[in-house]
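Notes for the one structure printed next.
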Amino acid sequence: MKTSSALILAALVVQVASYCNVSQVVEGIRSRRTPVRGANLGAWFVLEGWMTPWLWSNNNCDPNSVKGQWQFEQCVQQQGGNIGSVLEAHWSSFVTETDFQNMANSGVNAIRLPIGWWMIYDPEGGANNAHLNYYVTPSAYTVGGLKYMDMAFDWAEKYGIAIFIDMHAAPGSQNGNDNSSPSNSGQEYWDKYPANQGETVDSIVLYAQRYANRSALVGFCLLNEPIVDIPTLQAYYEKAYGAILQVINPTVIVINPLISPPQSGTEPEWVSFMDYDNVWMSLHYYYCFGGPWDQNAQAIIEYAQNERAQGITYYNSVNTKPMIVDEWSACGVSDYDASLNGQFVQAQLSGYVNAAGGYTFWAWSNPSDGNVWSLQTALSSGWINSNQMAATC
């Protein structure tokens, strides 16, 4: 019995000792000695109905008309439900410490953590009760998510995983899509009112202040998938950059060009913009929303392996900001031939490996719309080889 217990303890010690020191991981990523091999924790704090359809169905909300976090919260309350209890149950179960342990064991060295601008005001009773410097609407979001964000940092530090804080949903919605919590579906108001841009800066700076001393923090993604006026967007990027560096320096700052019409980062307005050592360029590559490749499975695979890879090579030749492919998935060929998912993923990675910043898969958890959106499934199915996610300390 004593021998058995000793062996178990020894195994546990070996396992714990095998996790990377998170400070070393962060330094490796910031210095670009180690590329990101990461996962997005999508739909944990910013809900998307296609990823968590059970929340919609369990609360009698129609995913076809109720889009994103704000509309879902309103729907539940209109149905007479307790939105606080609904979200608490989701936050406490959708991502847990076990996920962080499994990510570390799978070689993940960083996560991109999509958050809403409002969560940082939980200590003040929510954004609607906080003393904001700007008037923005809507702001009456449910309180409670921030403590789980704190837990994410605890777990990341325990298991040697760096965190990018990603401003996924900004005031007024920056793209009108469900991933930015629009008040009106399809309508973005972020660039229509200076207060929205001002509050976005205030919010991300407050996140920086809260987590500046956490060893897992590696950087900030300033705005996810914008569909806005470019001069307004660039003015925000410059202002947020300067404000964050007043709080924490060094840190990685990730900027995103327009998602629609799609930009590649090779446009004149982006090539020389913010050409600073610690600024990276985010690109999102998907193959399931239409495009010149959408003819058959083989055409998609060939595009990923050839044209996309050539596009990344061209980017590297004209834009000195490191590229990070911080959203991509296995979605694309399964509608034609699911048996080719692995070949398709490998075709993508043949190009993404040349992104100097690295890549983060969307998403970690198992979305119900299909396993092609799950890094866990991609790993367990062998679509991604273990050495392609292997983190080095």
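Chain labels A, B, ... are given in the sequence in which chains occur in the structure tokens; within each chain residues are numbered consecutively from 1, and ligands are likewise numbered from 1 in the order shown.
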Inset, instruction - May I have all residues of region 43-192 of chain A that DSSP, computed from the backbone, assigns to alpha helix (DSSP H), given as a PyMOL selection string? - result: chain A and resi 53-58+68-78+83-94+97-106+146-159
Please build the interface table for region 215-253 of chain A against region 181-205 of chain A with a cut-off of 10 Å, listing for each qualifying residue the nearest atom pair and the distance in Å to one decimal; count only C-alpha atoms, order rows by chain and increasing number, and write it as CSV.
residue,atom,partner,partner_atom,distance
A:Phe220,CA,A:Ile204,CA,8.4
A:Cys221,CA,A:Ile204,CA,9.6
A:Leu222,CA,A:Ile204,CA,7.8
A:Leu223,CA,A:Thr200,CA,9.0
A:Pro226,CA,A:Trp190,CA,9.2
A:Ile227,CA,A:Glu188,CA,7.7
A:Val228,CA,A:Asp191,CA,6.1
A:Asp229,CA,A:Asp191,CA,6.5
A:Ile230,CA,A:Asp191,CA,9.3
A:Pro231,CA,A:Asp191,CA,9.8
A:Thr232,CA,A:Asp191,CA,6.5
A:Leu233,CA,A:Asp191,CA,7.6
A:Ala235,CA,A:Gln197,CA,9.2
A:Tyr236,CA,A:Gln197,CA,6.5
A:Tyr237,CA,A:Val201,CA,8.9
A:Lys239,CA,A:Val201,CA,7.3
A:Ala240,CA,A:Val201,CA,5.3
A:Tyr241,CA,A:Val201,CA,9.0
A:Gly242,CA,A:Val205,CA,9.9
A:Ala243,CA,A:Val205,CA,6.6
A:Ile244,CA,A:Val205,CA,5.6
A:Leu245,CA,A:Val205,CA,9.2
A:Gln246,CA,A:Val205,CA,9.1
A:Val247,CA,A:Val205,CA,7.6
A:Ile248,CA,A:Val205,CA,9.7
Restrict the selected residues to C-alpha atoms and save them as a PDB file, in the first residue's frame.
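After the write, part-v8.pdb holds the following:
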ATOM      1  CA  PHE A 220      -4.001  42.350 -25.788  1.00  0.00           C
ATOM      2  CA  CYS A 221      -6.045  41.951 -28.955  1.00  0.00           C
ATOM      3  CA  LEU A 222      -7.458  45.465 -29.317  1.00  0.00           C
ATOM      4  CA  LEU A 223     -10.600  44.740 -31.377  1.00  0.00           C
ATOM      5  CA  PRO A 226     -14.000  45.185 -37.099  1.00  0.00           C
ATOM      6  CA  ILE A 227     -16.252  46.378 -39.908  1.00  0.00           C
ATOM      7  CA  VAL A 228     -15.780  50.092 -39.326  1.00  0.00           C
ATOM      8  CA  ASP A 229     -14.275  53.293 -40.650  1.00  0.00           C
ATOM      9  CA  ILE A 230     -10.523  52.729 -41.005  1.00  0.00           C
ATOM     10  CA  PRO A 231      -9.279  56.155 -39.807  1.00  0.00           C
ATOM     11  CA  THR A 232     -11.501  55.839 -36.712  1.00  0.00           C
ATOM     12  CA  LEU A 233     -10.209  52.330 -36.118  1.00  0.00           C
ATOM     13  CA  ALA A 235      -7.054  56.311 -34.115  1.00  0.00           C
ATOM     14  CA  TYR A 236      -8.461  53.903 -31.525  1.00  0.00           C
ATOM     15  CA  TYR A 237      -5.561  51.499 -31.994  1.00  0.00           C
ATOM     16  CA  LYS A 239      -4.826  55.583 -28.353  1.00  0.00           C
ATOM     17  CA  ALA A 240      -5.373  52.157 -26.786  1.00  0.00           C
ATOM     18  CA  TYR A 241      -1.767  51.200 -27.487  1.00  0.00           C
ATOM     19  CA  GLY A 242      -0.427  54.251 -25.699  1.00  0.00           C
ATOM     20  CA  ALA A 243      -2.807  53.891 -22.767  1.00  0.00           C
ATOM     21  CA  ILE A 244      -2.027  50.203 -22.218  1.00  0.00           C
ATOM     22  CA  LEU A 245       1.726  50.780 -22.322  1.00  0.00           C
ATOM     23  CA  GLN A 246       1.308  53.311 -19.527  1.00  0.00           C
ATOM     24  CA  VAL A 247       0.094  50.369 -17.429  1.00  0.00           C
ATOM     25  CA  ILE A 248       2.190  47.443 -18.616  1.00  0.00           C
TER      26      ILE A 248
END
Inset, instruction - With a distance cut-off of 12 Å and only C-alpha atoms, select the neighbouring residues of Ala338 (chain A), excluding the residue or stretch itself and same-chain residues fewer than 5 positions from it, and output the selection as JSON, numbers by chain. - result: {"A": [296, 297, 298, 330, 331, 332, 333, 343, 344, 345, 370, 371, 372, 381, 383]}
Selection from above, C-alpha atoms, as a PDB file, in the first residue's frame, can you write it?
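Contents of the output file again_8.pdb:
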ATOM      1  CA  ASN A 296     -15.360  21.154 -53.984  1.00  0.00           C
ATOM      2  CA  ALA A 297     -13.207  19.642 -51.251  1.00  0.00           C
ATOM      3  CA  GLN A 298     -10.087  19.383 -53.387  1.00  0.00           C
ATOM      4  CA  ALA A 330     -11.273  22.693 -39.647  1.00  0.00           C
ATOM      5  CA  CYS A 331     -14.497  23.986 -41.147  1.00  0.00           C
ATOM      6  CA  GLY A 332     -14.496  23.860 -44.931  1.00  0.00           C
ATOM      7  CA  VAL A 333     -14.373  20.453 -46.570  1.00  0.00           C
ATOM      8  CA  GLN A 343      -5.786  16.596 -45.107  1.00  0.00           C
ATOM      9  CA  PHE A 344      -7.463  20.012 -45.091  1.00  0.00           C
ATOM     10  CA  VAL A 345      -6.073  20.925 -41.666  1.00  0.00           C
ATOM     11  CA  GLY A 370     -19.780  20.388 -35.575  1.00  0.00           C
ATOM     12  CA  ASN A 371     -16.513  19.059 -34.310  1.00  0.00           C
ATOM     13  CA  VAL A 372     -14.643  20.906 -37.043  1.00  0.00           C
ATOM     14  CA  SER A 381      -8.792  12.700 -34.492  1.00  0.00           C
ATOM     15  CA  TRP A 383      -5.990  16.091 -37.893  1.00  0.00           C
TER      16      TRP A 383
END
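Note that the spacing between CA of Ser93 (chain A) and CA of Ile324 (chain A) amounts to 29.0 Å.
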Inset, instruction - Based on DSSP run over this structure's backbone, return all residues of region 157-348 of chain A in strand (DSSP E), as a PyMOL selection string. - result: chain A and resi 162-169+217-221+252-255+279-285+323-328
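Minimum atom-to-atom distances from A:Asp335, A:Glu238, A:Asp154, A:Glu327 to Gly358 (chain A) were compared using only C-alpha atoms, and the lowest value belongs to A:Glu327.
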Inset, instruction - Write out as a list in words which residues come within 8 Å of region 119-136 of chain A when counting only C-alpha atoms, dropping same-chain ones fewer than 3 positions away. - result: Ile115, Gly116, Ser139, Ala140, Tyr141, Thr142, Val143, Gly144, Gly145, Leu146, Pro171, Gly172, Ala195, Asn196, Gly198, Glu199, Ser203, Leu206 and Tyr207 of chain A
Inset, instruction - Excluding region 307-311 of chain A and any residue of its chain fewer than 5 positions from it, enumerate the residues within 8 Å of it, using only C-alpha atoms, and give them as a PyMOL selection string. - result: chain A and resi 302+348+350-352
Can I get the selection written as a PDB file, in the first residue's frame, with C-alpha atoms?
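The file below, out.pdb, is the result:
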ATOM      1  CA  GLU A 302      -5.487  23.296 -52.864  1.00  0.00           C
ATOM      2  CA  GLN A 348      -3.770  25.029 -43.773  1.00  0.00           C
ATOM      3  CA  SER A 350       1.589  24.249 -44.180  1.00  0.00           C
ATOM      4  CA  GLY A 351       1.021  27.987 -44.563  1.00  0.00           C
ATOM      5  CA  TYR A 352       0.223  29.015 -41.001  1.00  0.00           C
TER       6      TYR A 352
END
Would you kindly return, as a PDB file with N, CA and C atoms, in the first residue's frame, each protein, DNA or RNA residue with an atom no farther than 8 Å from any atom of Tyr285 (chain A), considering only C-alpha atoms and excluding same-chain residues fewer than 5 positions away?
ATOM      1  N   VAL A 325      -2.240  34.116 -36.874  1.00  0.00           N
ATOM      2  CA  VAL A 325      -3.523  33.611 -37.361  1.00  0.00           C
ATOM      3  C   VAL A 325      -4.293  33.213 -36.110  1.00  0.00           C
ATOM      4  N   GLU A 327      -7.507  33.166 -35.485  1.00  0.00           N
ATOM      5  CA  GLU A 327      -8.721  32.362 -35.645  1.00  0.00           C
ATOM      6  C   GLU A 327      -8.606  31.543 -36.922  1.00  0.00           C
ATOM      7  N   TRP A 328      -8.803  30.236 -36.785  1.00  0.00           N
ATOM      8  CA  TRP A 328      -8.904  29.326 -37.919  1.00  0.00           C
ATOM      9  C   TRP A 328      -9.564  28.063 -37.401  1.00  0.00           C
ATOM     10  N   SER A 329     -10.026  27.203 -38.279  1.00  0.00           N
ATOM     11  CA  SER A 329     -10.711  25.991 -37.842  1.00  0.00           C
ATOM     12  C   SER A 329     -10.597  24.916 -38.913  1.00  0.00           C
TER      13      SER A 329
END
Legend entry - region 265-275 of chain A surroundings by only C-alpha atoms, 8 Å radius, close-in-sequence under 5 positions cut, as a ChimeraX atom specification: /A:238,257,281,283,315,318-321
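Comparing A:Ser173, A:Met149, A:His168, A:Gly28 by their smallest distance to Tyr211 (chain A), the closest is A:Met149 (using only C-alpha atoms).
Counting from CA of Asn213 (chain A), the distance to CA of Ala39 (chain A) is 22.6 Å.
Across the structure, CA of Ser65 (chain A) and CA of Trp362 (chain A) are spaced 23.8 Å apart.
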Legend entry - Given only C-alpha atoms as the counted atoms, nearest of A:Gln101, A:Asn40, A:Thr137, A:Ser264 to Tyr159 (chain A): A:Gln101
Legend entry - Nearest to Leu87 (chain A), chosen from A:Asn175, A:Thr52, A:Asn102, A:Ser334, with only C-alpha atoms counted in the distances: A:Thr52
